[in-house]
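A.B. asks: Dropping the structure in here first, questions after.
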Amino acid sequence: MARRVVLAMSGGVDSSVAAFLLKEQGYDVIGLFMRTGAHAEDAERRARTCCSATDAVDARNVADRLDIPFYALDFEPDFARIMDQFADEYAAGRTPNPCVMCNIWLKFGKLWSYGKQVGADFVATGHYARVGLAPDGSHRVARALDRSKDQSYVLFGLRRELLPHVLFPVGGFPKAEIRAIARTQGLPVHDKPDSQEICFVPSDDYLAFVRARRPELDTAGAIVDEDGKVLGRHSGIEAFTIGQRRGLGVTVGQPRYVVQIEPHSKTVTVGPRASLDKSGLEASRFNWQGPTPDGPTRCLAQIRAQHQAVPATVEPLADGRAVVLFDTPVPAVTPGQVVTVYEGEMVLGGGWIDAPLDAPEPTPSASASGSA
C-alpha cells in the first residue's frame, strides 16, 4: 500500500510541483488548501500573496491536472489568532513574524492533525528546506539546495517528534528547475509569481492593518536620542521597528536609526548606526530539534530571513530560554523576530528574540592608559 501524505497546497508553483514530485515517488497524495479568510482587494495584490480565493482555484486546478484528491479546510478562526498576535506584538513594540506562527500552528499543526485523521504517514509543504538525519540520530530541518531560496530559518519551531513525518519535496532542487518541471508537466501555475507579502497585509501597509485591528490603540509618545533628549513626537510605537531609518519624523542633520522601543513609556529611541550593533540576544520559547545541549555550544545564528548566519555560541537556560552570543557584534537584533541556530547545514533549534545584549565597551589599551 502506498504511503499517504497530506500536502499543503497554496496555489503557488512550489507546492504544485511538490504534489507532482510526491505522486511520481509513489505516494498517495491528498492536497489540502487552508482557507484563512484573508483576502486582497485587487488582482495585482492577490498576485503577491497566498491563500486567496484565486489561489484556491489554482490549487484545485493543479490537483485536477495531477488527478489527486483536494480539499479546502476552513482555518479562518485559527488564522484570526495569528492576525491578533501580529497586531498585539506591534502594539507591544515588537516586530512579529507571522509566517513562523502559521507554520507552527497551522501547516505543521492543524494540517498534520487532519492528516492523522485520514491515515496519513507524512505531512508535506512546498518550503525550500530538507529533512536530514543528524549524527546523533535525530531528524532535523536542513538548508535547501538552493540557498537563495532557503526557508529553513522559519521552520525551527517544528517539533522533534514530528520531523520523521515531514517531507519537503522541492528542497533538493534549484528554483529554476522547479519552474521548468511545472512548465514541462503543463501545470497551470508554472508562470505564477512567487508570493512576496504577508497574506493578510496585501498592501504591505502593516501600520494600517494594526490600527484597523486595534482601533482603541493609543501608543503615542516621544522620540528621544540616546541621552534622553526629546527630538519630537510620534503617533504610535507600532509604526517603528529596530533598525528603521526612514519615516522617523525627526531631523538631526545625521542619519539616525531606531535603536530601542520602550512600550511602557511609549518612547522610541534613535541613535547612530553603530548603536545598532549588539553582542548577542536572549530568546524564549526555544525549540531544540536535536538533544538540548548541556552547556554553551558553537553554532551559526541567523536573526532575519535575509540575514547571513554568523558564528556564535548558544546556551540553553531554564524555562525554555536561551542566550546567543555572536563572535562579532550584529546589527538590528529585533525583539519579536526569531533566531535560528544551525550546526552546519542543520537546524539545531530556535526561539523568539526577547531582548538584545549590548556589545561591551572597548577596553583601553595599556599604551593608551599610560599616555594620559
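For the C-alpha cells, the naming scheme is as follows: chains receive sequential letters (A, B, ...) according to their order of presentation, residues are indexed from 1 within each chain, and ligands are indexed from 1 in presentation order.
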Excluding same-chain residues fewer than 5 positions from A:Pro335, what lies within 8 Å of it counting only C-alpha atoms, as a PyMOL selection string?
C.D. replies: chain A and resi 94-95+352-356
A.B. asks: Report the residues of stretch 49-107 of chain A whose backbone DSSP state falls under strand (DSSP E), written as a tab-separated table (two decimals) with C-alpha atoms, in the first residue's frame.
C.D. replies:
chain	number	residue	atom	x	y	z
A	70	PHE	CA	-8.19	18.01	-2.99
A	71	TYR	CA	-9.92	19.60	-0.03
A	72	ALA	CA	-10.21	23.18	1.21
A	73	LEU	CA	-10.20	23.36	5.01
A	74	ASP	CA	-11.67	26.25	6.99
A.B. asks: Find the residues of stretch 15-117 of chain A that sit at most 9 Å from stretch 251-264 of chain A; for each, write down the nearest two atoms and how far apart they are in Å, to one decimal. Count only C-alpha atoms. Sort by chain, then by number going up, and give it as a Markdown table.
C.D. replies:
| residue | atom | partner | partner_atom | distance |
| --- | --- | --- | --- | --- |
| A:Ala91 | CA | A:Pro263 | CA | 7.8 |
| A:Ala92 | CA | A:Pro263 | CA | 5.5 |
| A:Gly93 | CA | A:Pro263 | CA | 5.4 |
| A:Arg94 | CA | A:Ile261 | CA | 7.9 |
A.B. asks: Return the single residue from A:Val6, A:Leu348, A:Ile237, A:Val270 that is closest to A:Cys299, with distances computed using only C-alpha atoms.
C.D. replies: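 Distance minimum relative to A:Cys299 lands on A:Leu348.
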A.B. asks: Extract, using only C-alpha atoms, all DNA, RNA and protein residues at most 8 Å from A:Ser152, discarding same-chain residues fewer than 4 positions from it, and format them as a short mmCIF file (atom, residue, chain, number, x, y, z; two decimals) with N, CA, C and O atoms, in the first residue's frame.
C.D. replies:
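Once written, part-v7.cif looks like this:
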data_model
loop_
_atom_site.label_atom_id
_atom_site.label_comp_id
_atom_site.auth_asym_id
_atom_site.auth_seq_id
_atom_site.Cartn_x
_atom_site.Cartn_y
_atom_site.Cartn_z
N TYR A 128 11.30 25.52 0.73
CA TYR A 128 12.66 25.20 0.29
C TYR A 128 13.48 24.87 1.54
O TYR A 128 14.06 25.74 2.19
N ALA A 129 13.49 23.61 1.87
CA ALA A 129 14.23 23.08 3.02
C ALA A 129 14.32 21.58 2.81
O ALA A 129 13.74 21.02 1.87
N ARG A 130 15.06 20.92 3.68
CA ARG A 130 15.17 19.47 3.64
C ARG A 130 15.08 18.94 5.06
O ARG A 130 15.20 19.69 6.02
N VAL A 141 15.53 19.75 10.47
CA VAL A 141 15.38 20.56 9.27
C VAL A 141 16.78 20.96 8.81
O VAL A 141 17.64 21.31 9.63
N ALA A 142 17.02 20.88 7.51
CA ALA A 142 18.31 21.26 6.94
C ALA A 142 18.09 22.29 5.83
O ALA A 142 16.99 22.41 5.28
N ARG A 143 19.11 23.03 5.52
CA ARG A 143 19.02 24.07 4.49
C ARG A 143 18.71 23.44 3.12
O ARG A 143 19.09 22.30 2.84
N ALA A 144 18.04 24.23 2.28
CA ALA A 144 17.71 23.79 0.93
C ALA A 144 18.95 23.78 0.04
O ALA A 144 19.94 24.46 0.32
N PHE A 156 12.24 26.44 12.43
CA PHE A 156 12.87 25.99 13.67
C PHE A 156 11.85 25.43 14.66
O PHE A 156 12.19 24.63 15.53
N VAL A 347 19.42 22.62 11.29
CA VAL A 347 18.87 23.42 12.37
C VAL A 347 19.11 22.70 13.69
O VAL A 347 18.76 21.53 13.84
#
A.B. asks: Write out as a list in words the residues lying within 10 Å of A:Pro96, counting only C-alpha atoms and excluding same-chain residues fewer than 5 positions away.
C.D. replies: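 The neighbour list is Ile82, Gln85, Phe86, Ala87, Asp88, Glu89, Tyr90, Met101, Thr241, Thr334, Pro335, Gly336, Gln337, Val338, Trp352 and Ile353 of chain A.
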A.B. asks: Run DSSP on the backbone and tell me which residues of stretch 96-275 of chain A come out as alpha helix (DSSP H); list them as a ChimeraX atom specification.
C.D. replies: /A:98-102,111-117,175-184,206-213
A.B. asks: Which residues come within 10 Å of A:Asp294, counting only C-alpha atoms, excluding same-chain residues fewer than 5 positions away, as a PyMOL selection string?
C.D. replies: chain A and resi 315-317
A.B. asks: Please compute the atom CA of A:Ser284-atom CA of A:Cys102 distance, one decimal, in Å.
C.D. replies: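 Atom CA of A:Cys102 lies at a distance of 18.1 Å from atom CA of A:Ser284.
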A.B. asks: In Å, with one decimal, what is the gap from atom CA of A:Asp146 to atom CA of A:Pro174?
C.D. replies: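 It comes out at 4.9 Å.
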